[in-house]
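Asker: Got a file for you: upload27.txt, compact mmCIF, N, CA and C atoms.
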```txt
# COMPACT_ATOMS: atom_id res chain seq x y z
N MET T 1 1.35 7.27 -6.07
CA MET T 1 0.64 6.17 -6.70
C MET T 1 -0.79 6.16 -6.19
N GLU T 2 -1.73 5.99 -7.11
CA GLU T 2 -3.13 5.85 -6.72
C GLU T 2 -3.41 4.40 -6.41
N CYS T 3 -4.52 4.15 -5.71
CA CYS T 3 -4.81 2.76 -5.32
C CYS T 3 -4.97 1.86 -6.53
N GLU T 4 -5.49 2.37 -7.67
CA GLU T 4 -5.60 1.54 -8.86
C GLU T 4 -4.23 1.17 -9.42
N GLY T 5 -3.20 1.92 -9.03
CA GLY T 5 -1.85 1.58 -9.45
C GLY T 5 -1.42 0.22 -8.94
N LEU T 6 -2.04 -0.23 -7.87
CA LEU T 6 -1.75 -1.57 -7.35
C LEU T 6 -2.14 -2.64 -8.36
N LEU T 7 -3.21 -2.39 -9.11
CA LEU T 7 -3.62 -3.36 -10.13
C LEU T 7 -2.52 -3.55 -11.17
N GLU T 8 -1.90 -2.45 -11.55
CA GLU T 8 -0.82 -2.50 -12.52
C GLU T 8 0.45 -3.05 -11.89
N CYS T 9 0.76 -2.60 -10.70
CA CYS T 9 1.99 -2.99 -10.02
C CYS T 9 2.02 -4.49 -9.71
N PHE T 10 0.94 -5.00 -9.16
CA PHE T 10 0.91 -6.40 -8.75
C PHE T 10 0.69 -7.36 -9.91
N HIS T 11 -0.11 -6.93 -10.90
CA HIS T 11 -0.52 -7.87 -11.93
C HIS T 11 -0.17 -7.43 -13.35
N GLY T 12 0.45 -6.29 -13.51
CA GLY T 12 0.82 -5.83 -14.85
C GLY T 12 -0.38 -5.50 -15.72
N LEU T 13 -1.46 -5.08 -15.11
CA LEU T 13 -2.65 -4.76 -15.89
C LEU T 13 -2.47 -3.46 -16.65
N LYS T 14 -3.16 -3.37 -17.78
CA LYS T 14 -3.07 -2.20 -18.64
C LYS T 14 -4.14 -1.18 -18.26
N GLU T 15 -4.04 0.00 -18.83
CA GLU T 15 -5.02 1.06 -18.56
C GLU T 15 -6.42 0.60 -18.93
N LEU T 16 -6.58 -0.08 -20.06
CA LEU T 16 -7.89 -0.57 -20.47
C LEU T 16 -8.45 -1.56 -19.45
N ASP T 17 -7.60 -2.41 -18.90
CA ASP T 17 -8.05 -3.37 -17.88
C ASP T 17 -8.62 -2.62 -16.68
N LYS T 18 -7.94 -1.55 -16.28
CA LYS T 18 -8.40 -0.76 -15.14
C LYS T 18 -9.72 -0.05 -15.47
N GLU T 19 -9.87 0.42 -16.72
CA GLU T 19 -11.12 1.05 -17.13
C GLU T 19 -12.27 0.05 -17.08
N CYS T 20 -12.03 -1.15 -17.55
CA CYS T 20 -13.07 -2.19 -17.51
C CYS T 20 -13.43 -2.53 -16.07
N PHE T 21 -12.44 -2.62 -15.22
CA PHE T 21 -12.69 -2.91 -13.81
C PHE T 21 -13.54 -1.80 -13.18
N ARG T 22 -13.18 -0.55 -13.46
CA ARG T 22 -13.95 0.58 -12.93
C ARG T 22 -15.39 0.56 -13.44
N ALA T 23 -15.57 0.20 -14.71
CA ALA T 23 -16.92 0.13 -15.28
C ALA T 23 -17.75 -0.92 -14.55
N LEU T 24 -17.15 -2.04 -14.21
CA LEU T 24 -17.87 -3.08 -13.48
C LEU T 24 -18.19 -2.65 -12.05
N VAL T 25 -17.28 -1.93 -11.43
CA VAL T 25 -17.49 -1.47 -10.05
C VAL T 25 -18.62 -0.45 -9.99
N LYS T 26 -18.74 0.39 -11.03
CA LYS T 26 -19.74 1.46 -11.04
C LYS T 26 -21.17 0.93 -11.16
N THR T 27 -21.35 -0.24 -11.72
CA THR T 27 -22.70 -0.74 -11.99
C THR T 27 -23.23 -1.56 -10.83
N GLU T 28 -24.52 -1.60 -10.72
CA GLU T 28 -25.18 -2.40 -9.68
C GLU T 28 -25.30 -3.86 -10.11
N GLU T 29 -25.41 -4.07 -11.41
CA GLU T 29 -25.65 -5.40 -11.97
C GLU T 29 -24.42 -5.90 -12.71
N PRO T 30 -24.26 -7.21 -12.82
CA PRO T 30 -23.19 -7.76 -13.65
C PRO T 30 -23.38 -7.34 -15.11
N LEU T 31 -22.29 -7.25 -15.86
CA LEU T 31 -22.33 -6.81 -17.25
C LEU T 31 -21.84 -7.90 -18.19
N THR T 32 -22.34 -7.87 -19.42
CA THR T 32 -21.81 -8.74 -20.47
C THR T 32 -20.57 -8.06 -21.07
N VAL T 33 -19.84 -8.78 -21.88
CA VAL T 33 -18.68 -8.19 -22.54
C VAL T 33 -19.12 -7.05 -23.45
N ASP T 34 -20.25 -7.22 -24.13
CA ASP T 34 -20.75 -6.14 -25.00
C ASP T 34 -21.03 -4.87 -24.20
N GLU T 35 -21.62 -5.02 -23.01
CA GLU T 35 -21.91 -3.85 -22.17
C GLU T 35 -20.63 -3.22 -21.64
N ILE T 36 -19.66 -4.04 -21.32
CA ILE T 36 -18.36 -3.51 -20.86
C ILE T 36 -17.70 -2.75 -22.01
N ALA T 37 -17.73 -3.33 -23.22
CA ALA T 37 -17.15 -2.67 -24.39
C ALA T 37 -17.79 -1.30 -24.63
N ASP T 38 -19.12 -1.24 -24.50
CA ASP T 38 -19.82 0.05 -24.66
C ASP T 38 -19.39 1.04 -23.57
N ALA T 39 -19.24 0.56 -22.34
CA ALA T 39 -18.89 1.44 -21.22
C ALA T 39 -17.51 2.05 -21.39
N VAL T 40 -16.59 1.31 -22.02
CA VAL T 40 -15.22 1.82 -22.18
C VAL T 40 -14.94 2.30 -23.61
N ASP T 41 -16.00 2.26 -24.44
CA ASP T 41 -15.91 2.73 -25.83
C ASP T 41 -14.79 2.03 -26.62
N ARG T 42 -14.84 0.71 -26.57
CA ARG T 42 -13.88 -0.11 -27.31
C ARG T 42 -14.62 -1.22 -28.06
N GLU T 43 -13.91 -1.84 -29.00
CA GLU T 43 -14.47 -2.98 -29.71
C GLU T 43 -14.67 -4.14 -28.74
N ARG T 44 -15.63 -5.01 -29.08
CA ARG T 44 -15.94 -6.15 -28.22
C ARG T 44 -14.71 -7.03 -28.00
N SER T 45 -13.95 -7.31 -29.07
CA SER T 45 -12.78 -8.20 -28.95
C SER T 45 -11.71 -7.60 -28.04
N THR T 46 -11.54 -6.31 -28.09
CA THR T 46 -10.57 -5.63 -27.23
C THR T 46 -11.01 -5.71 -25.77
N ALA T 47 -12.29 -5.43 -25.54
CA ALA T 47 -12.82 -5.52 -24.17
C ALA T 47 -12.74 -6.95 -23.66
N TYR T 48 -12.99 -7.92 -24.54
CA TYR T 48 -12.94 -9.33 -24.14
C TYR T 48 -11.54 -9.70 -23.63
N ARG T 49 -10.50 -9.24 -24.31
CA ARG T 49 -9.13 -9.53 -23.85
C ARG T 49 -8.86 -8.93 -22.48
N ALA T 50 -9.35 -7.72 -22.26
CA ALA T 50 -9.18 -7.07 -20.94
C ALA T 50 -9.94 -7.87 -19.88
N VAL T 51 -11.14 -8.31 -20.19
CA VAL T 51 -11.93 -9.11 -19.26
C VAL T 51 -11.21 -10.41 -18.93
N GLN T 52 -10.60 -11.03 -19.92
CA GLN T 52 -9.86 -12.27 -19.68
C GLN T 52 -8.68 -12.03 -18.73
N ARG T 53 -7.97 -10.92 -18.91
CA ARG T 53 -6.86 -10.61 -18.01
C ARG T 53 -7.37 -10.39 -16.58
N LEU T 54 -8.50 -9.69 -16.45
CA LEU T 54 -9.08 -9.45 -15.13
C LEU T 54 -9.55 -10.75 -14.48
N LEU T 55 -10.08 -11.67 -15.28
CA LEU T 55 -10.47 -12.98 -14.75
C LEU T 55 -9.26 -13.75 -14.26
N GLN T 56 -8.19 -13.73 -15.05
CA GLN T 56 -6.96 -14.47 -14.68
C GLN T 56 -6.37 -13.97 -13.37
N THR T 57 -6.50 -12.69 -13.11
CA THR T 57 -5.95 -12.13 -11.88
C THR T 57 -6.89 -12.29 -10.70
N GLY T 58 -8.13 -12.69 -10.97
CA GLY T 58 -9.10 -12.87 -9.90
C GLY T 58 -9.81 -11.59 -9.49
N PHE T 59 -9.69 -10.53 -10.28
CA PHE T 59 -10.31 -9.26 -9.94
C PHE T 59 -11.79 -9.22 -10.28
N ILE T 60 -12.20 -10.08 -11.21
CA ILE T 60 -13.62 -10.16 -11.55
C ILE T 60 -14.04 -11.63 -11.57
N GLU T 61 -15.35 -11.82 -11.52
CA GLU T 61 -15.91 -13.17 -11.54
C GLU T 61 -16.85 -13.30 -12.73
N LYS T 62 -16.97 -14.51 -13.25
CA LYS T 62 -17.83 -14.79 -14.39
C LYS T 62 -18.97 -15.69 -13.94
N ASP T 63 -20.18 -15.34 -14.34
CA ASP T 63 -21.35 -16.18 -14.07
C ASP T 63 -22.06 -16.48 -15.37
N GLN T 64 -22.70 -17.62 -15.40
CA GLN T 64 -23.46 -18.03 -16.58
C GLN T 64 -24.94 -17.79 -16.33
N VAL T 65 -25.59 -17.16 -17.30
CA VAL T 65 -27.03 -16.92 -17.25
C VAL T 65 -27.66 -17.77 -18.35
N ASN T 66 -28.61 -18.60 -17.97
CA ASN T 66 -29.25 -19.50 -18.93
C ASN T 66 -30.54 -18.89 -19.46
N TYR T 67 -30.74 -19.03 -20.77
CA TYR T 67 -32.01 -18.64 -21.39
C TYR T 67 -33.03 -19.73 -21.13
N ASP T 68 -34.31 -19.34 -21.00
CA ASP T 68 -35.38 -20.33 -20.78
C ASP T 68 -35.49 -21.30 -21.95
N GLN T 69 -35.31 -20.79 -23.18
CA GLN T 69 -35.47 -21.62 -24.37
C GLN T 69 -34.19 -22.38 -24.74
N GLY T 70 -33.18 -22.29 -23.91
CA GLY T 70 -31.90 -22.96 -24.17
C GLY T 70 -30.83 -21.95 -24.52
N GLY T 71 -29.61 -22.32 -24.30
CA GLY T 71 -28.50 -21.42 -24.53
C GLY T 71 -28.16 -20.63 -23.28
N TYR T 72 -27.10 -19.88 -23.36
CA TYR T 72 -26.65 -19.11 -22.19
C TYR T 72 -25.75 -17.97 -22.64
N TYR T 73 -25.46 -17.09 -21.72
CA TYR T 73 -24.47 -16.04 -21.92
C TYR T 73 -23.77 -15.80 -20.59
N HIS T 74 -22.63 -15.09 -20.64
CA HIS T 74 -21.85 -14.83 -19.44
C HIS T 74 -21.97 -13.37 -19.03
N VAL T 75 -21.97 -13.16 -17.73
CA VAL T 75 -21.92 -11.82 -17.17
C VAL T 75 -20.76 -11.76 -16.17
N TYR T 76 -20.26 -10.56 -15.98
CA TYR T 76 -19.06 -10.36 -15.16
C TYR T 76 -19.34 -9.33 -14.08
N SER T 77 -18.76 -9.56 -12.92
CA SER T 77 -18.89 -8.64 -11.79
C SER T 77 -17.56 -8.59 -11.04
N PRO T 78 -17.32 -7.49 -10.31
CA PRO T 78 -16.06 -7.40 -9.56
C PRO T 78 -16.04 -8.37 -8.39
N THR T 79 -14.88 -8.89 -8.10
CA THR T 79 -14.67 -9.73 -6.93
C THR T 79 -14.75 -8.85 -5.69
N ASP T 80 -15.13 -9.43 -4.58
CA ASP T 80 -15.21 -8.69 -3.31
C ASP T 80 -13.85 -8.03 -3.03
N PRO T 81 -13.84 -6.71 -2.79
CA PRO T 81 -12.58 -6.00 -2.55
C PRO T 81 -11.73 -6.59 -1.43
N SER T 82 -12.36 -7.13 -0.39
CA SER T 82 -11.58 -7.70 0.71
C SER T 82 -10.83 -8.95 0.24
N GLN T 83 -11.39 -9.71 -0.67
CA GLN T 83 -10.69 -10.87 -1.22
C GLN T 83 -9.52 -10.43 -2.09
N ILE T 84 -9.72 -9.38 -2.87
CA ILE T 84 -8.64 -8.86 -3.71
C ILE T 84 -7.50 -8.35 -2.84
N THR T 85 -7.83 -7.60 -1.79
CA THR T 85 -6.77 -7.06 -0.92
C THR T 85 -6.05 -8.17 -0.18
N ASP T 86 -6.78 -9.21 0.24
CA ASP T 86 -6.13 -10.35 0.89
C ASP T 86 -5.13 -11.01 -0.06
N ASP T 87 -5.53 -11.18 -1.32
CA ASP T 87 -4.65 -11.79 -2.32
C ASP T 87 -3.41 -10.92 -2.56
N MET T 88 -3.60 -9.60 -2.65
CA MET T 88 -2.46 -8.70 -2.87
C MET T 88 -1.53 -8.71 -1.65
N GLN T 89 -2.10 -8.75 -0.46
CA GLN T 89 -1.27 -8.80 0.75
C GLN T 89 -0.45 -10.09 0.78
N ARG T 90 -1.08 -11.19 0.39
CA ARG T 90 -0.38 -12.48 0.34
C ARG T 90 0.76 -12.42 -0.69
N MET T 91 0.48 -11.82 -1.85
CA MET T 91 1.53 -11.68 -2.88
C MET T 91 2.68 -10.83 -2.35
N LEU T 92 2.36 -9.74 -1.67
CA LEU T 92 3.39 -8.87 -1.12
C LEU T 92 4.23 -9.61 -0.07
N ASN T 93 3.57 -10.36 0.80
CA ASN T 93 4.29 -11.13 1.82
C ASN T 93 5.20 -12.17 1.18
N ASP T 94 4.70 -12.85 0.14
CA ASP T 94 5.52 -13.84 -0.57
C ASP T 94 6.73 -13.17 -1.22
N TRP T 95 6.50 -12.00 -1.85
CA TRP T 95 7.60 -11.28 -2.49
C TRP T 95 8.63 -10.85 -1.45
N TYR T 96 8.17 -10.33 -0.32
CA TYR T 96 9.06 -9.88 0.74
C TYR T 96 9.91 -11.04 1.26
N ALA T 97 9.28 -12.20 1.47
CA ALA T 97 10.02 -13.38 1.95
C ALA T 97 11.04 -13.82 0.92
N LYS T 98 10.68 -13.79 -0.36
CA LYS T 98 11.60 -14.20 -1.43
C LYS T 98 12.79 -13.23 -1.51
N MET T 99 12.53 -11.93 -1.39
CA MET T 99 13.62 -10.95 -1.42
C MET T 99 14.55 -11.15 -0.24
N GLY T 100 14.00 -11.43 0.94
CA GLY T 100 14.83 -11.70 2.10
C GLY T 100 15.72 -12.90 1.89
N GLN T 101 15.17 -13.94 1.26
CA GLN T 101 15.95 -15.15 0.97
C GLN T 101 17.06 -14.84 -0.03
N LEU T 102 16.76 -14.07 -1.07
CA LEU T 102 17.77 -13.74 -2.07
C LEU T 102 18.88 -12.86 -1.47
N ILE T 103 18.51 -11.95 -0.60
CA ILE T 103 19.51 -11.10 0.07
C ILE T 103 20.44 -11.97 0.92
N GLN T 104 19.88 -12.92 1.64
CA GLN T 104 20.69 -13.82 2.46
C GLN T 104 21.62 -14.67 1.60
N GLU T 105 21.09 -15.16 0.46
CA GLU T 105 21.94 -15.93 -0.47
C GLU T 105 23.08 -15.08 -1.00
N PHE T 106 22.79 -13.82 -1.32
CA PHE T 106 23.81 -12.90 -1.80
C PHE T 106 24.89 -12.72 -0.74
N GLU T 107 24.46 -12.47 0.49
CA GLU T 107 25.42 -12.28 1.58
C GLU T 107 26.28 -13.53 1.78
N ASN T 108 25.65 -14.70 1.80
CA ASN T 108 26.39 -15.95 1.99
C ASN T 108 27.39 -16.18 0.87
N LYS T 109 26.99 -15.93 -0.35
CA LYS T 109 27.87 -16.17 -1.50
C LYS T 109 29.09 -15.26 -1.47
N TYR T 110 28.88 -13.98 -1.22
CA TYR T 110 29.99 -13.04 -1.29
C TYR T 110 30.75 -12.93 0.01
N GLU T 111 30.16 -13.32 1.10
CA GLU T 111 30.89 -13.37 2.36
C GLU T 111 31.92 -14.48 2.29
N GLN T 112 31.57 -15.61 1.70
CA GLN T 112 32.50 -16.72 1.54
C GLN T 112 33.64 -16.34 0.60
N SER T 113 33.32 -15.56 -0.43
CA SER T 113 34.36 -15.13 -1.37
C SER T 113 35.37 -14.24 -0.67
N ASP T 114 34.92 -13.38 0.22
CA ASP T 114 35.82 -12.48 0.95
C ASP T 114 36.78 -13.27 1.84
N THR T 115 36.30 -14.31 2.52
CA THR T 115 37.14 -15.04 3.45
C THR T 115 38.10 -15.98 2.72
N SER T 116 37.77 -16.38 1.50
CA SER T 116 38.65 -17.30 0.78
C SER T 116 39.67 -16.57 -0.10
N ALA T 117 39.55 -15.27 -0.29
CA ALA T 117 40.47 -14.51 -1.12
C ALA T 117 41.79 -14.31 -0.36
N PRO T 118 42.92 -14.45 -1.04
CA PRO T 118 44.21 -14.24 -0.38
C PRO T 118 44.38 -12.77 0.02
N ALA T 119 45.05 -12.56 1.12
CA ALA T 119 45.29 -11.21 1.63
C ALA T 119 46.32 -10.53 0.73
N ALA T 120 46.09 -9.29 0.44
CA ALA T 120 47.02 -8.52 -0.41
C ALA T 120 48.19 -8.07 0.44
N GLU T 121 49.38 -8.16 -0.14
CA GLU T 121 50.58 -7.72 0.60
C GLU T 121 50.75 -6.22 0.43
N SER T 122 51.26 -5.57 1.51
CA SER T 122 51.47 -4.15 1.41
C SER T 122 52.90 -3.80 1.29
```
Go ahead and express the file in the form of structure tokens.

Answerer:
Amino acid sequence: MECEGLLECFHGLKELDKECFRALVKTEEPLTVDEIADAVDRERSTAYRAVQRLLQTGFIEKDQVNYDQGGYYHVYSPTDPSQITDDMQRMLNDWYAKMGQLIQEFENKYEQSDTSAPAAES
């Protein structure tokens, strides 16, 4: 598994989402959705959906840029990698604790069944 596989594994991101993330990481400046769409050679609406998924997972951040004459537009940039890794580590720890709890519940449930079952005669 490559390190980008973590994006898919932890958050169910698609290949296009990973391409958009890589496009944002490669640039020095934040990008608009139109610029992201151009970078990944996709329609604006398709790129927008990928950007929304990346925002929901916290992998990218959105900033508003205001025009002097009024109005605004949004630009996107990658979240600090250390924040992303901290979040993934926290998710992994939560998952590990939950699995440990489920394993204990399984053991308790079926251990009780074994002790309450009548002994078979030979």

Asker: Using DSSP on the backbone coordinates, identify all residues within segment 62-121 of chain T classified as strand (DSSP E); present the result as a list of chain:residue names.

Answerer: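 Residues meeting the strand (DSSP E) criterion: T:Lys62, T:Asp63, T:Gln64, T:Val65, T:Asn66, T:Tyr72, T:Tyr73, T:His74, T:Val75, T:Tyr76, T:Ser77, T:Pro78.
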
Asker: I need the chosen residues saved as an mmCIF file, in the frame of the given file, with N, CA and C atoms.

Answerer:
```cif
data_model
loop_
_atom_site.group_PDB
_atom_site.id
_atom_site.type_symbol
_atom_site.label_atom_id
_atom_site.label_comp_id
_atom_site.auth_asym_id
_atom_site.auth_seq_id
_atom_site.Cartn_x
_atom_site.Cartn_y
_atom_site.Cartn_z
ATOM 1 N N LYS T 62 -16.970 -14.510 -13.250
ATOM 2 C CA LYS T 62 -17.830 -14.790 -14.390
ATOM 3 C C LYS T 62 -18.970 -15.690 -13.940
ATOM 4 N N ASP T 63 -20.180 -15.340 -14.340
ATOM 5 C CA ASP T 63 -21.350 -16.180 -14.070
ATOM 6 C C ASP T 63 -22.060 -16.480 -15.370
ATOM 7 N N GLN T 64 -22.700 -17.620 -15.400
ATOM 8 C CA GLN T 64 -23.460 -18.030 -16.580
ATOM 9 C C GLN T 64 -24.940 -17.790 -16.330
ATOM 10 N N VAL T 65 -25.590 -17.160 -17.300
ATOM 11 C CA VAL T 65 -27.030 -16.920 -17.250
ATOM 12 C C VAL T 65 -27.660 -17.770 -18.350
ATOM 13 N N ASN T 66 -28.610 -18.600 -17.970
ATOM 14 C CA ASN T 66 -29.250 -19.500 -18.930
ATOM 15 C C ASN T 66 -30.540 -18.890 -19.460
ATOM 16 N N TYR T 72 -27.100 -19.880 -23.360
ATOM 17 C CA TYR T 72 -26.650 -19.110 -22.190
ATOM 18 C C TYR T 72 -25.750 -17.970 -22.640
ATOM 19 N N TYR T 73 -25.460 -17.090 -21.720
ATOM 20 C CA TYR T 73 -24.470 -16.040 -21.920
ATOM 21 C C TYR T 73 -23.770 -15.800 -20.590
ATOM 22 N N HIS T 74 -22.630 -15.090 -20.640
ATOM 23 C CA HIS T 74 -21.850 -14.830 -19.440
ATOM 24 C C HIS T 74 -21.970 -13.370 -19.030
ATOM 25 N N VAL T 75 -21.970 -13.160 -17.730
ATOM 26 C CA VAL T 75 -21.920 -11.820 -17.170
ATOM 27 C C VAL T 75 -20.760 -11.760 -16.170
ATOM 28 N N TYR T 76 -20.260 -10.560 -15.980
ATOM 29 C CA TYR T 76 -19.060 -10.360 -15.160
ATOM 30 C C TYR T 76 -19.340 -9.330 -14.080
ATOM 31 N N SER T 77 -18.760 -9.560 -12.920
ATOM 32 C CA SER T 77 -18.890 -8.640 -11.790
ATOM 33 C C SER T 77 -17.560 -8.590 -11.040
ATOM 34 N N PRO T 78 -17.320 -7.490 -10.310
ATOM 35 C CA PRO T 78 -16.060 -7.400 -9.560
ATOM 36 C C PRO T 78 -16.040 -8.370 -8.390
#
```

Asker: Mind pulling up the distance from atom CA of Lys62 of chain T to atom CA of Leu31 of chain T?

Answerer: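 These two atoms are separated by 9.6 Å.
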
Asker: Identify, on the basis of all atoms listed in the file, every residue whose closest approach to Phe21 of chain T does not exceed 8 Å; exclude the query and any residue fewer than 5 positions from it along the same chain; express the result as a PyMOL selection string.

Answerer: chain T and resi 15-16+26+50-51+54+59-60+77-78

Asker: One decimal, Å: what's the distance from atom C of Tyr73 of chain T over to atom CA of Ala37 of chain T, could you say?

Answerer: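 Answer for the atom C of Tyr73 of chain T to atom CA of Ala37 of chain T separation: 15.2 Å.
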
Asker: Calculate how many Å separate atom CA of Gly12 of chain T from atom C of Glu61 of chain T, rounding to one decimal.

Answerer: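 Atom CA of Gly12 of chain T sits 19.3 Å away from atom C of Glu61 of chain T.
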
Asker: Would you please work out which residue, of T:Gln64, T:Tyr76, T:Thr46, T:Tyr110, is nearest to Ala23 of chain T when using only C-alpha atoms?

Answerer: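 The closest residue to Ala23 of chain T is T:Tyr76.
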